[in-house]
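One structure is given below, encoded as structure tokens.
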Amino acid sequence: MRIPRGALLRSRVVDDPGDALAEVLDEGLTGYVVFEPQDALLLGESTRGIVTFEDGIPVLAYDTERDEGGRDGLEGFAVTGPHRVAVHAVDADDLAEAHETEAFRVSPGEPARVLAGDERLSDRTLDAAPESRRDEGRDQSALEAFLSDQEAIEQIQSEARAEAQARAEEWGLESALADDDEQLPGRDEADDVAHGGTRY
Amino acid sequence: MVEAFAVASGKGGTGKTTSTLALGMALAEEYDVTVIDADTGMANLLFHAGLDDADVTLHDLLIADRDAAVEDAVYDRFGMSVVPCGTSLTAFEAADPKRLRDVVAELAAGTDVLLLDSPAALGSKSAVLPIVLADRIVVVLQPTVPSLSDGLKVQEYAHSYGTETAGVVFNRVRDDEDVDQIADQAGRYFGGQTLASVPESDAVRAARRSGEPLLAHAPDDPAADAFREAAARLDVRDGDEHDVAERFRSAVVPERV
């Protein structure tokens with residue numbers, strides 16, 4: 001992922017990433033903002049992400065540490081609390097090529113929701129977005145294709161299970177975990193089929 | 001009797017808080033309902049319930065030296081008991097998650113249905129706590145790939161802690177979207193049943209702006225009807241309140257958020 005270097009307009013620490021998003025929305029920034037969650041820094045973790053904007057509306061999100069883009073990228077640097085934000089301006093023409101990277105695009109209201117948990121700002125951003133961008137991420141055939149891909153869904157499920165188990169241990173919640181053999185009433189036969197007949 | 005539901009979505013933007021209050025108001029026709037904003041890091045239920053200026057919130061109950069009584073943070077609003085959470089980050093950091101367990105246990109003793117508006121994240125101990133503590137989850141989804149993917153993930157987390165799925169609400173569904181087909185397909189992977197398909201509605205935003213739950217602000221809106229339908233399909237189980245309270249009290253809760 002290559003985003004053209006921009007001119008630094010300002011760099012400062014804000015209480016909440018939503019402050020920076022609201023600010024660039026109001027000023028109609030074309031360029032990018034680098035977000036560095038300060039709490040992650042204290043924990044010795046390096047977390048950093050970039051959101052690009054066109055006329056104040058988010059276009060791309062990129063987690064520079066994990067090299068992931070789009071919604072997954074956004075989640076990588078979604079940390080509650082203070083952030084150092086560095087706001088850069090870039091010429092719209094220079095950004096155009098990067099903005100064609102479909103896999104890194106996010107819908108206009110997504111950064112406000114995911115980074116700041118701010119539905120109001122998310123709505124306000126969506127309202128300000130051009131008509132052509134309001135329906136992004138709503139492709140029904142893509143959704144049907146996703147749900148037909150049993151293997152991919154099983155992979156999401158097994159990864160989430162493994163992650164839940166690992167985190168429970170990390171957080172000292174192991175004893176709250178259900179027994180491996182426990183029959184969960186929420187799982188019916190169809191679930192078993194979806195899980196290839198194995199129970200976790 | 002009491003059953004505790006965590007209203008969850010994995011990630012934000014699906015209308016989880018709107019759904020929590022809408023289900024709460026609809027269930028309040030039949031049950032004694034308590035709604036708790038368990039999203040202690042990014043609280044917004046207070047804005048939806050006209051409690052922006054609430055003096056005492058859940059945060060006060062979770063901070064050791066505040067010395068607030070549980071009932072001080074309970075507000076009778078729209079036929080429900082509502083426990084809002086404050087928005088101060090400092091208060092969030094000072095909050096002791098162990099206290100959430102005791103607060104929920106105390107509230108469980110005096111209500112039929114507990115709805116926990118859960119954090120839109122799974123990345124911290126405090127964020128998973130509501131789904132660890134609840135009897136079942138209600139998953140709120142939008143008919144999009146990222147939302148379903150997040151929903152599957154939150155469900156796996158819940159199941160890992162023995163919390164099953166009561167049902168799925170498809171929310172913010174647009175006119176041109178046929179959710180029946182999607183719901184059939186999704187039903188293979190999600191537990192419980194499809195509770196409703198709630199249409200995208202301007203009334204939802206208007207309700208939030210006016211600080212009222214959807215069912216109070218626009219009771220005749222199609223989205224409000226759909227939420228009432230969802231609540232009617234939810235088979236509330238009558239757990240023994242003492243057992244539930246005891247379960248909360250004895251739940252293993254991490255030392256720090």
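Within each chain, counting starts at residue 1; across the structure tokens, chains are named A, B, ... in the order shown, with ligands numbered 1 upward in that order.
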Task: 9 Å contact set for Val114 (chain A), only C-alpha atoms, chain neighbours under 3 positions out, as a PyMOL selection string - done: (chain A and resi 71+74-75+78+109-111+117-118) or (chain B and resi 11-13+120-121)
TODO: Pull out every residue of chain B that has at least one atom within 9 Å of chain A, counting only C-alpha atoms, and report them as a VMD selection string.
DONE: chain B and resid 11 to 13 15 41 to 44 89 120 to 125 132 136 143 to 146 148 to 149 152 to 166 177 to 178 181 to 182 185 to 192 205 208 to 209 251 to 256
Write out, as a short mmCIF file (atom, residue, chain, number, x, y, z; two decimals), in the first residue's frame, the residues just selected, with C-alpha atoms.
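Below is the file result_4.cif, written as the result:
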```cif
data_model
loop_
_atom_site.label_atom_id
_atom_site.label_comp_id
_atom_site.auth_asym_id
_atom_site.auth_seq_id
_atom_site.Cartn_x
_atom_site.Cartn_y
_atom_site.Cartn_z
CA LYS B 11 -18.71 -4.26 16.16
CA GLY B 12 -20.49 -0.93 16.15
CA GLY B 13 -22.95 0.63 13.77
CA GLY B 15 -28.00 -0.16 15.83
CA GLY B 41 -15.96 2.37 27.47
CA MET B 42 -18.20 3.92 24.80
CA ALA B 43 -21.47 4.59 26.52
CA ASN B 44 -24.26 6.05 24.43
CA LEU B 89 -12.85 8.13 30.06
CA ALA B 120 -19.06 -3.12 20.23
CA ALA B 121 -15.74 -4.88 20.64
CA LEU B 122 -14.19 -8.08 21.89
CA GLY B 123 -10.72 -6.76 22.54
CA SER B 124 -10.71 -6.36 26.30
CA LYS B 125 -11.78 -8.16 29.45
CA VAL B 132 -19.76 -14.01 29.85
CA ARG B 136 -28.11 -15.73 26.20
CA PRO B 143 -27.16 -7.53 6.07
CA THR B 144 -23.51 -6.92 5.10
CA VAL B 145 -20.50 -9.21 4.96
CA PRO B 146 -18.49 -7.40 7.69
CA LEU B 148 -22.24 -11.05 9.61
CA SER B 149 -18.61 -11.88 10.00
CA LEU B 152 -20.28 -14.96 13.87
CA LYS B 153 -17.25 -13.97 15.86
CA VAL B 154 -19.18 -12.59 18.84
CA GLN B 155 -21.35 -15.71 18.82
CA GLU B 156 -18.27 -17.95 19.00
CA TYR B 157 -16.97 -15.92 21.93
CA ALA B 158 -20.33 -16.24 23.67
CA HIS B 159 -20.54 -19.98 23.03
CA SER B 160 -17.02 -20.40 24.38
CA TYR B 161 -18.34 -19.07 27.68
CA GLY B 162 -21.44 -21.26 27.54
CA THR B 163 -23.71 -18.34 26.56
CA GLU B 164 -26.06 -19.45 23.83
CA THR B 165 -27.81 -17.48 21.11
CA ALA B 166 -31.45 -16.51 21.68
CA GLU B 177 -32.67 -5.99 0.27
CA ASP B 178 -34.37 -9.35 0.51
CA GLN B 181 -32.87 -15.60 1.64
CA ILE B 182 -29.99 -14.23 3.73
CA GLN B 185 -28.58 -19.04 4.85
CA ALA B 186 -27.42 -17.30 8.04
CA GLY B 187 -29.70 -19.54 10.12
CA ARG B 188 -27.37 -22.44 9.38
CA TYR B 189 -24.62 -20.71 11.32
CA PHE B 190 -26.43 -18.70 13.95
CA GLY B 191 -28.19 -20.29 16.89
CA GLY B 192 -31.71 -19.36 17.97
CA ARG B 205 -32.20 8.85 13.77
CA ARG B 208 -31.96 9.39 18.82
CA ARG B 209 -31.78 13.12 18.19
CA ALA B 251 -18.71 -15.33 38.25
CA VAL B 252 -14.99 -15.13 37.80
CA VAL B 253 -14.18 -11.59 36.92
CA PRO B 254 -10.76 -10.22 36.07
CA GLU B 255 -9.01 -7.84 38.41
CA ARG B 256 -8.51 -5.14 35.86
#
```
Region 67-185 of chain A: which residues are strand (DSSP E) by DSSP, as a PDB file with N, CA, C and O atoms, in the first residue's frame?
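Result file follows (out30.pdb):
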```
ATOM      1  N   GLU A  68      -2.587  -4.471   7.094  1.00  0.00           N
ATOM      2  CA  GLU A  68      -3.937  -4.876   6.717  1.00  0.00           C
ATOM      3  C   GLU A  68      -4.766  -3.650   6.414  1.00  0.00           C
ATOM      4  O   GLU A  68      -4.598  -2.608   7.070  1.00  0.00           O
ATOM      5  N   GLY A  69      -5.662  -3.773   5.451  1.00  0.00           N
ATOM      6  CA  GLY A  69      -6.447  -2.601   5.078  1.00  0.00           C
ATOM      7  C   GLY A  69      -7.934  -2.830   5.181  1.00  0.00           C
ATOM      8  O   GLY A  69      -8.387  -3.930   5.505  1.00  0.00           O
ATOM      9  N   HIS A  83      -5.151   9.528  21.536  1.00  0.00           N
ATOM     10  CA  HIS A  83      -4.368   9.196  20.339  1.00  0.00           C
ATOM     11  C   HIS A  83      -3.495  10.377  19.958  1.00  0.00           C
ATOM     12  O   HIS A  83      -3.912  11.527  20.102  1.00  0.00           O
ATOM     13  N   ARG A  84      -2.313  10.075  19.439  1.00  0.00           N
ATOM     14  CA  ARG A  84      -1.594  11.129  18.724  1.00  0.00           C
ATOM     15  C   ARG A  84      -2.099  11.099  17.294  1.00  0.00           C
ATOM     16  O   ARG A  84      -2.146  10.038  16.677  1.00  0.00           O
ATOM     17  N   VAL A  85      -2.539  12.233  16.810  1.00  0.00           N
ATOM     18  CA  VAL A  85      -3.016  12.282  15.427  1.00  0.00           C
ATOM     19  C   VAL A  85      -2.176  13.274  14.639  1.00  0.00           C
ATOM     20  O   VAL A  85      -1.904  14.384  15.105  1.00  0.00           O
ATOM     21  N   ALA A  86      -1.735  12.841  13.483  1.00  0.00           N
ATOM     22  CA  ALA A  86      -0.960  13.707  12.596  1.00  0.00           C
ATOM     23  C   ALA A  86      -1.753  13.883  11.311  1.00  0.00           C
ATOM     24  O   ALA A  86      -2.045  12.908  10.607  1.00  0.00           O
ATOM     25  N   VAL A  87      -2.158  15.133  11.065  1.00  0.00           N
ATOM     26  CA  VAL A  87      -3.036  15.428   9.929  1.00  0.00           C
ATOM     27  C   VAL A  87      -2.193  15.937   8.756  1.00  0.00           C
ATOM     28  O   VAL A  87      -1.424  16.890   8.912  1.00  0.00           O
ATOM     29  N   HIS A  88      -2.324  15.257   7.619  1.00  0.00           N
ATOM     30  CA  HIS A  88      -1.544  15.626   6.432  1.00  0.00           C
ATOM     31  C   HIS A  88      -2.477  15.959   5.267  1.00  0.00           C
ATOM     32  O   HIS A  88      -3.487  15.270   5.072  1.00  0.00           O
ATOM     33  N   ALA A  89      -2.104  16.961   4.493  1.00  0.00           N
ATOM     34  CA  ALA A  89      -2.857  17.296   3.285  1.00  0.00           C
ATOM     35  C   ALA A  89      -2.145  16.708   2.067  1.00  0.00           C
ATOM     36  O   ALA A  89      -0.913  16.724   2.001  1.00  0.00           O
TER      37      ALA A  89
END
```
- [ ] Tell me which protein, DNA and RNA residues are within 10 Å of Asp91 (chain A), counting only C-alpha atoms, leaving out same-chain ones fewer than 4 positions away, and put them as number ranges by chain.
- [x] A: 4-7, 30-31, 54, 95-96
Task: Shell around Ala223 (chain B) at 10 Å using only C-alpha atoms, local window under 3 positions removed, as a PyMOL selection string - done: chain B and resi 22+171-173+196-204+214-215+218-220+226-229
Write a file of the selected residues as a compact mmCIF listing (two decimals), in the first residue's frame, keeping all heavy atoms.
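Full text of selection-v2.txt as output:
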```txt
# COMPACT_ATOMS: atom_id res chain seq x y z
N ALA B 22 -35.42 -0.73 22.10
CA ALA B 22 -36.67 -1.09 21.42
C ALA B 22 -37.17 -2.43 21.95
O ALA B 22 -38.36 -2.59 22.28
CB ALA B 22 -36.46 -1.15 19.91
N ASN B 171 -31.00 -5.75 11.27
CA ASN B 171 -31.39 -4.35 11.47
C ASN B 171 -30.92 -3.49 10.30
O ASN B 171 -30.00 -3.85 9.58
CB ASN B 171 -30.76 -3.86 12.79
CG ASN B 171 -31.36 -2.56 13.26
OD1 ASN B 171 -32.52 -2.24 12.92
ND2 ASN B 171 -30.62 -1.79 14.02
N ARG B 172 -31.55 -2.33 10.18
CA ARG B 172 -31.20 -1.35 9.15
C ARG B 172 -31.25 -1.98 7.75
O ARG B 172 -30.37 -1.77 6.93
CB ARG B 172 -29.83 -0.75 9.43
CG ARG B 172 -29.74 -0.17 10.84
CD ARG B 172 -28.44 0.48 11.14
NE ARG B 172 -28.27 1.66 10.30
CZ ARG B 172 -27.24 2.49 10.42
NH1 ARG B 172 -26.31 2.28 11.33
NH2 ARG B 172 -27.14 3.53 9.63
N VAL B 173 -32.30 -2.75 7.52
CA VAL B 173 -32.45 -3.43 6.23
C VAL B 173 -33.08 -2.47 5.24
O VAL B 173 -34.09 -1.82 5.55
CB VAL B 173 -33.34 -4.69 6.39
CG1 VAL B 173 -33.56 -5.36 5.05
CG2 VAL B 173 -32.72 -5.66 7.40
N ALA B 196 -36.40 -10.85 13.74
CA ALA B 196 -37.08 -9.86 12.89
C ALA B 196 -36.12 -9.30 11.87
O ALA B 196 -34.90 -9.39 12.01
CB ALA B 196 -37.65 -8.72 13.74
N SER B 197 -36.72 -8.72 10.84
CA SER B 197 -35.95 -7.96 9.87
C SER B 197 -36.46 -6.52 9.99
O SER B 197 -37.61 -6.23 9.67
CB SER B 197 -36.21 -8.53 8.48
OG SER B 197 -35.79 -7.64 7.51
N VAL B 198 -35.63 -5.66 10.53
CA VAL B 198 -36.05 -4.29 10.85
C VAL B 198 -35.64 -3.35 9.73
O VAL B 198 -34.45 -3.24 9.42
CB VAL B 198 -35.41 -3.82 12.17
CG1 VAL B 198 -35.86 -2.42 12.53
CG2 VAL B 198 -35.72 -4.80 13.30
N PRO B 199 -36.60 -2.68 9.11
CA PRO B 199 -36.23 -1.81 7.98
C PRO B 199 -35.44 -0.57 8.42
O PRO B 199 -35.64 -0.07 9.53
CB PRO B 199 -37.58 -1.40 7.39
CG PRO B 199 -38.56 -1.58 8.49
CD PRO B 199 -38.04 -2.69 9.36
N GLU B 200 -34.53 -0.13 7.57
CA GLU B 200 -33.83 1.14 7.79
C GLU B 200 -34.89 2.23 7.87
O GLU B 200 -35.85 2.22 7.10
CB GLU B 200 -32.89 1.41 6.61
CG GLU B 200 -32.15 2.72 6.66
CD GLU B 200 -30.81 2.62 7.39
OE1 GLU B 200 -30.85 2.55 8.63
OE2 GLU B 200 -29.76 2.62 6.74
N SER B 201 -34.75 3.13 8.83
CA SER B 201 -35.81 4.12 8.99
C SER B 201 -35.24 5.44 9.48
O SER B 201 -34.39 5.47 10.37
CB SER B 201 -36.83 3.59 10.01
OG SER B 201 -37.64 4.64 10.47
N ASP B 202 -35.72 6.52 8.88
CA ASP B 202 -35.30 7.85 9.34
C ASP B 202 -35.77 8.11 10.77
O ASP B 202 -35.18 8.91 11.49
CB ASP B 202 -35.87 8.93 8.43
CG ASP B 202 -35.20 8.93 7.07
OD1 ASP B 202 -34.08 8.38 6.98
OD2 ASP B 202 -35.80 9.43 6.10
N ALA B 203 -36.84 7.41 11.15
CA ALA B 203 -37.39 7.62 12.50
C ALA B 203 -36.37 7.23 13.57
O ALA B 203 -36.39 7.77 14.67
CB ALA B 203 -38.67 6.80 12.67
N VAL B 204 -35.47 6.29 13.23
CA VAL B 204 -34.47 5.86 14.20
C VAL B 204 -33.54 7.02 14.55
O VAL B 204 -33.25 7.29 15.72
CB VAL B 204 -33.67 4.64 13.67
CG1 VAL B 204 -32.49 4.32 14.56
CG2 VAL B 204 -34.59 3.42 13.54
N LEU B 214 -36.93 4.47 20.04
CA LEU B 214 -37.76 4.45 18.83
C LEU B 214 -39.23 4.20 19.14
O LEU B 214 -40.12 4.85 18.59
CB LEU B 214 -37.23 3.36 17.88
CG LEU B 214 -38.06 3.10 16.64
CD1 LEU B 214 -38.00 4.28 15.69
CD2 LEU B 214 -37.59 1.83 15.95
N LEU B 215 -39.50 3.23 20.04
CA LEU B 215 -40.90 2.87 20.29
C LEU B 215 -41.68 3.97 21.00
O LEU B 215 -42.91 3.98 20.97
CB LEU B 215 -40.99 1.55 21.09
CG LEU B 215 -41.08 0.29 20.23
CD1 LEU B 215 -39.85 0.07 19.40
CD2 LEU B 215 -41.39 -0.93 21.06
N ALA B 218 -41.60 7.03 17.72
CA ALA B 218 -42.37 6.73 16.51
C ALA B 218 -42.99 5.34 16.62
O ALA B 218 -42.58 4.41 15.92
CB ALA B 218 -41.47 6.82 15.28
N PRO B 219 -43.95 5.17 17.53
CA PRO B 219 -44.48 3.81 17.79
C PRO B 219 -45.13 3.16 16.57
O PRO B 219 -45.23 1.93 16.53
CB PRO B 219 -45.51 4.04 18.91
CG PRO B 219 -45.78 5.51 18.94
CD PRO B 219 -44.57 6.19 18.39
N ASP B 220 -45.55 3.97 15.60
CA ASP B 220 -46.21 3.38 14.44
C ASP B 220 -45.28 3.15 13.26
O ASP B 220 -45.72 2.70 12.19
CB ASP B 220 -47.37 4.29 13.99
CG ASP B 220 -48.39 4.45 15.11
OD1 ASP B 220 -48.59 3.46 15.85
OD2 ASP B 220 -48.95 5.56 15.27
N ALA B 226 -41.42 -3.92 13.71
CA ALA B 226 -40.52 -5.07 13.56
C ALA B 226 -39.85 -5.42 14.90
O ALA B 226 -39.69 -6.59 15.23
CB ALA B 226 -39.46 -4.77 12.50
N PHE B 227 -39.49 -4.39 15.66
CA PHE B 227 -38.88 -4.67 16.97
C PHE B 227 -39.89 -5.33 17.92
O PHE B 227 -39.54 -6.20 18.71
CB PHE B 227 -38.32 -3.39 17.60
CG PHE B 227 -36.95 -3.03 17.08
CD1 PHE B 227 -36.73 -1.83 16.42
CD2 PHE B 227 -35.86 -3.90 17.26
CE1 PHE B 227 -35.45 -1.49 15.95
CE2 PHE B 227 -34.59 -3.57 16.80
CZ PHE B 227 -34.39 -2.36 16.14
N ARG B 228 -41.16 -4.89 17.83
CA ARG B 228 -42.18 -5.53 18.67
C ARG B 228 -42.34 -7.01 18.30
O ARG B 228 -42.49 -7.87 19.16
CB ARG B 228 -43.52 -4.79 18.55
CG ARG B 228 -43.61 -3.59 19.51
CD ARG B 228 -45.02 -3.02 19.56
NE ARG B 228 -45.33 -2.35 18.31
CZ ARG B 228 -45.17 -1.04 18.11
NH1 ARG B 228 -44.75 -0.27 19.10
NH2 ARG B 228 -45.44 -0.50 16.96
N GLU B 229 -42.25 -7.26 16.98
CA GLU B 229 -42.33 -8.64 16.50
C GLU B 229 -41.15 -9.46 17.05
O GLU B 229 -41.31 -10.60 17.50
CB GLU B 229 -42.27 -8.59 14.96
CG GLU B 229 -42.50 -9.89 14.24
CD GLU B 229 -42.16 -9.72 12.75
OE1 GLU B 229 -42.53 -8.67 12.16
OE2 GLU B 229 -41.52 -10.61 12.21
```
Open item on the list: Would you compute the distance between CA of Arg99 (chain B) and CA of Asp32 (chain B)? Give it in Å to one decimal.
Closed with: 23.2 Å
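Between CA of Ile36 (chain B) and CA of Ala69 (chain B) there is a distance of 15.2 Å.
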Open item on the list: DSSP on the backbone, alpha helix (DSSP H) only: what residues of region 67-191 of chain B does that give? Format it as a PyMOL selection string.
Closed with: chain B and resi 89-94+97-108+125-133+145-160+179-186
TODO: Select, from B:Thr111, B:Thr40, B:Ser147, B:Ser81, the residue with the minimum atom-to-atom distance to Asp96 (chain B), counting only C-alpha atoms.
DONE: B:Thr40
- [ ] Figure out the distance between CA of Asp127 (chain A) and CA of Asp19 (chain A), please, to one decimal in Å.
- [x] 17.8 Å
Closest pair table for region 97-172 of chain B residues within 9 Å of region 55-66 of chain B, only C-alpha atoms, as a Markdown table:
```
| residue | atom | partner | partner_atom | distance |
| --- | --- | --- | --- | --- |
| B:Pro97 | CA | B:Leu62 | CA | 6.8 |
| B:Lys98 | CA | B:Leu62 | CA | 8.0 |
| B:Arg99 | CA | B:Leu62 | CA | 5.3 |
| B:Leu100 | CA | B:Leu62 | CA | 6.3 |
| B:Val103 | CA | B:Leu61 | CA | 7.4 |
```
Could those residues be written to a file, using N, CA and C atoms, as a tab-separated table (two decimals), in the first residue's frame?
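Final file, selection24.tsv:
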```tsv
chain	number	residue	atom	x	y	z
B	97	PRO	N	-14.22	-3.68	37.18
B	97	PRO	CA	-15.20	-4.58	36.55
B	97	PRO	C	-15.81	-5.60	37.52
B	98	LYS	N	-15.10	-5.88	38.61
B	98	LYS	CA	-15.66	-6.83	39.58
B	98	LYS	C	-16.98	-6.32	40.13
B	99	ARG	N	-17.06	-4.98	40.21
B	99	ARG	CA	-18.28	-4.39	40.75
B	99	ARG	C	-19.46	-4.55	39.79
B	100	LEU	N	-19.18	-4.67	38.49
B	100	LEU	CA	-20.28	-4.84	37.53
B	100	LEU	C	-21.07	-6.11	37.89
B	103	VAL	N	-23.30	-5.38	40.81
B	103	VAL	CA	-24.39	-4.49	40.41
B	103	VAL	C	-25.45	-5.28	39.64
```
Task: Using only C-alpha atoms: which of B:Val113, B:Ala230, B:Ala26, B:Phe170 has the shortest distance to Met1 (chain B) - done: B:Val113
Open item on the list: Need the shell around Phe53 (chain A): protein/DNA/RNA residues with any atom at most 12 Å away, counting only C-alpha atoms. Skip same-chain ones fewer than 5 positions apart. Format as a PyMOL selection string?
Closed with: chain A and resi 3+20-34+58-61+87-92+95-96+98-99+105-109+111+125+129
Go ahead and write the selection's residues with N, CA and C atoms as an mmCIF file, in the first residue's frame.
```
data_model
loop_
_atom_site.group_PDB
_atom_site.id
_atom_site.type_symbol
_atom_site.label_atom_id
_atom_site.label_comp_id
_atom_site.auth_asym_id
_atom_site.auth_seq_id
_atom_site.Cartn_x
_atom_site.Cartn_y
_atom_site.Cartn_z
ATOM 1 N N ILE A 3 0.754 5.336 0.023
ATOM 2 C CA ILE A 3 0.007 6.594 0.087
ATOM 3 C C ILE A 3 1.023 7.718 -0.102
ATOM 4 N N ALA A 20 -10.591 13.943 16.114
ATOM 5 C CA ALA A 20 -9.849 14.201 14.881
ATOM 6 C C ALA A 20 -10.735 13.972 13.656
ATOM 7 N N LEU A 21 -11.564 12.931 13.717
ATOM 8 C CA LEU A 21 -12.448 12.639 12.580
ATOM 9 C C LEU A 21 -13.458 13.761 12.369
ATOM 10 N N ALA A 22 -13.990 14.294 13.477
ATOM 11 C CA ALA A 22 -14.975 15.377 13.385
ATOM 12 C C ALA A 22 -14.311 16.629 12.804
ATOM 13 N N GLU A 23 -13.079 16.851 13.243
ATOM 14 C CA GLU A 23 -12.351 18.042 12.793
ATOM 15 C C GLU A 23 -12.096 18.006 11.283
ATOM 16 N N VAL A 24 -11.588 16.871 10.789
ATOM 17 C CA VAL A 24 -11.264 16.807 9.350
ATOM 18 C C VAL A 24 -12.535 16.763 8.499
ATOM 19 N N LEU A 25 -13.625 16.258 9.089
ATOM 20 C CA LEU A 25 -14.902 16.294 8.367
ATOM 21 C C LEU A 25 -15.323 17.751 8.181
ATOM 22 N N ASP A 26 -15.226 18.520 9.267
ATOM 23 C CA ASP A 26 -15.646 19.924 9.207
ATOM 24 C C ASP A 26 -14.769 20.755 8.282
ATOM 25 N N GLU A 27 -13.471 20.444 8.270
ATOM 26 C CA GLU A 27 -12.597 21.263 7.415
ATOM 27 C C GLU A 27 -12.509 20.704 6.001
ATOM 28 N N GLY A 28 -13.105 19.518 5.748
ATOM 29 C CA GLY A 28 -13.108 18.950 4.400
ATOM 30 C C GLY A 28 -11.735 18.531 3.931
ATOM 31 N N LEU A 29 -10.974 17.889 4.816
ATOM 32 C CA LEU A 29 -9.594 17.504 4.482
ATOM 33 C C LEU A 29 -9.534 16.533 3.305
ATOM 34 N N THR A 30 -8.616 16.796 2.393
ATOM 35 C CA THR A 30 -8.214 15.784 1.425
ATOM 36 C C THR A 30 -6.776 15.448 1.788
ATOM 37 N N GLY A 31 -6.547 14.205 2.176
ATOM 38 C CA GLY A 31 -5.227 13.826 2.652
ATOM 39 C C GLY A 31 -5.338 12.610 3.546
ATOM 40 N N TYR A 32 -4.559 12.592 4.605
ATOM 41 C CA TYR A 32 -4.643 11.445 5.511
ATOM 42 C C TYR A 32 -4.320 11.844 6.942
ATOM 43 N N VAL A 33 -4.776 11.003 7.861
ATOM 44 C CA VAL A 33 -4.480 11.207 9.284
ATOM 45 C C VAL A 33 -3.813 9.930 9.798
ATOM 46 N N VAL A 34 -2.694 10.109 10.493
ATOM 47 C CA VAL A 34 -2.028 8.967 11.125
ATOM 48 C C VAL A 34 -2.500 8.911 12.576
ATOM 49 N N PRO A 58 -13.905 9.772 4.944
ATOM 50 C CA PRO A 58 -12.925 8.684 4.924
ATOM 51 C C PRO A 58 -13.048 7.813 3.672
ATOM 52 N N VAL A 59 -11.903 7.419 3.127
ATOM 53 C CA VAL A 59 -11.900 6.556 1.944
ATOM 54 C C VAL A 59 -11.207 5.223 2.233
ATOM 55 N N LEU A 60 -9.950 5.291 2.702
ATOM 56 C CA LEU A 60 -9.184 4.066 2.962
ATOM 57 C C LEU A 60 -8.804 3.995 4.431
ATOM 58 N N ALA A 61 -8.609 2.764 4.910
ATOM 59 C CA ALA A 61 -8.023 2.589 6.242
ATOM 60 C C ALA A 61 -6.923 1.549 6.113
ATOM 61 N N VAL A 87 -2.158 15.133 11.065
ATOM 62 C CA VAL A 87 -3.036 15.428 9.929
ATOM 63 C C VAL A 87 -2.193 15.937 8.756
ATOM 64 N N HIS A 88 -2.324 15.257 7.619
ATOM 65 C CA HIS A 88 -1.544 15.626 6.432
ATOM 66 C C HIS A 88 -2.477 15.959 5.267
ATOM 67 N N ALA A 89 -2.104 16.961 4.493
ATOM 68 C CA ALA A 89 -2.857 17.296 3.285
ATOM 69 C C ALA A 89 -2.145 16.708 2.067
ATOM 70 N N VAL A 90 -2.933 16.146 1.157
ATOM 71 C CA VAL A 90 -2.372 15.612 -0.097
ATOM 72 C C VAL A 90 -3.272 16.094 -1.229
ATOM 73 N N ASP A 91 -2.654 16.343 -2.352
ATOM 74 C CA ASP A 91 -3.433 16.761 -3.512
ATOM 75 C C ASP A 91 -4.352 15.618 -3.954
ATOM 76 N N ALA A 92 -5.607 15.947 -4.268
ATOM 77 C CA ALA A 92 -6.599 14.911 -4.616
ATOM 78 C C ALA A 92 -6.113 14.027 -5.766
ATOM 79 N N LEU A 95 -3.785 11.325 -4.680
ATOM 80 C CA LEU A 95 -4.398 10.263 -3.873
ATOM 81 C C LEU A 95 -5.245 9.314 -4.722
ATOM 82 N N ALA A 96 -5.613 9.777 -5.920
ATOM 83 C CA ALA A 96 -6.595 9.035 -6.722
ATOM 84 C C ALA A 96 -6.194 7.574 -6.930
ATOM 85 N N ALA A 98 -4.144 5.575 -5.140
ATOM 86 C CA ALA A 98 -4.261 4.803 -3.901
ATOM 87 C C ALA A 98 -5.731 4.512 -3.584
ATOM 88 N N HIS A 99 -6.590 5.476 -3.866
ATOM 89 C CA HIS A 99 -8.010 5.318 -3.536
ATOM 90 C C HIS A 99 -8.718 4.273 -4.387
ATOM 91 N N ARG A 105 -10.623 0.012 1.040
ATOM 92 C CA ARG A 105 -11.664 1.041 1.201
ATOM 93 C C ARG A 105 -12.565 0.728 2.391
ATOM 94 N N VAL A 106 -13.063 1.763 3.020
ATOM 95 C CA VAL A 106 -14.036 1.611 4.099
ATOM 96 C C VAL A 106 -15.245 2.471 3.759
ATOM 97 N N SER A 107 -16.408 2.120 4.282
ATOM 98 C CA SER A 107 -17.570 2.957 4.008
ATOM 99 C C SER A 107 -17.427 4.251 4.828
ATOM 100 N N PRO A 108 -18.043 5.342 4.370
ATOM 101 C CA PRO A 108 -17.774 6.662 4.958
ATOM 102 C C PRO A 108 -17.938 6.740 6.475
ATOM 103 N N GLY A 109 -18.960 6.074 7.013
ATOM 104 C CA GLY A 109 -19.219 6.213 8.444
ATOM 105 C C GLY A 109 -18.435 5.237 9.309
ATOM 106 N N PRO A 111 -15.069 4.572 10.001
ATOM 107 C CA PRO A 111 -14.032 4.971 10.980
ATOM 108 C C PRO A 111 -14.625 5.584 12.250
ATOM 109 N N THR A 125 -21.186 11.892 9.049
ATOM 110 C CA THR A 125 -20.240 11.675 7.953
ATOM 111 C C THR A 125 -20.963 11.105 6.741
ATOM 112 N N ALA A 129 -21.421 12.562 2.880
ATOM 113 C CA ALA A 129 -20.757 11.827 1.801
ATOM 114 C C ALA A 129 -21.535 11.973 0.496
#
```
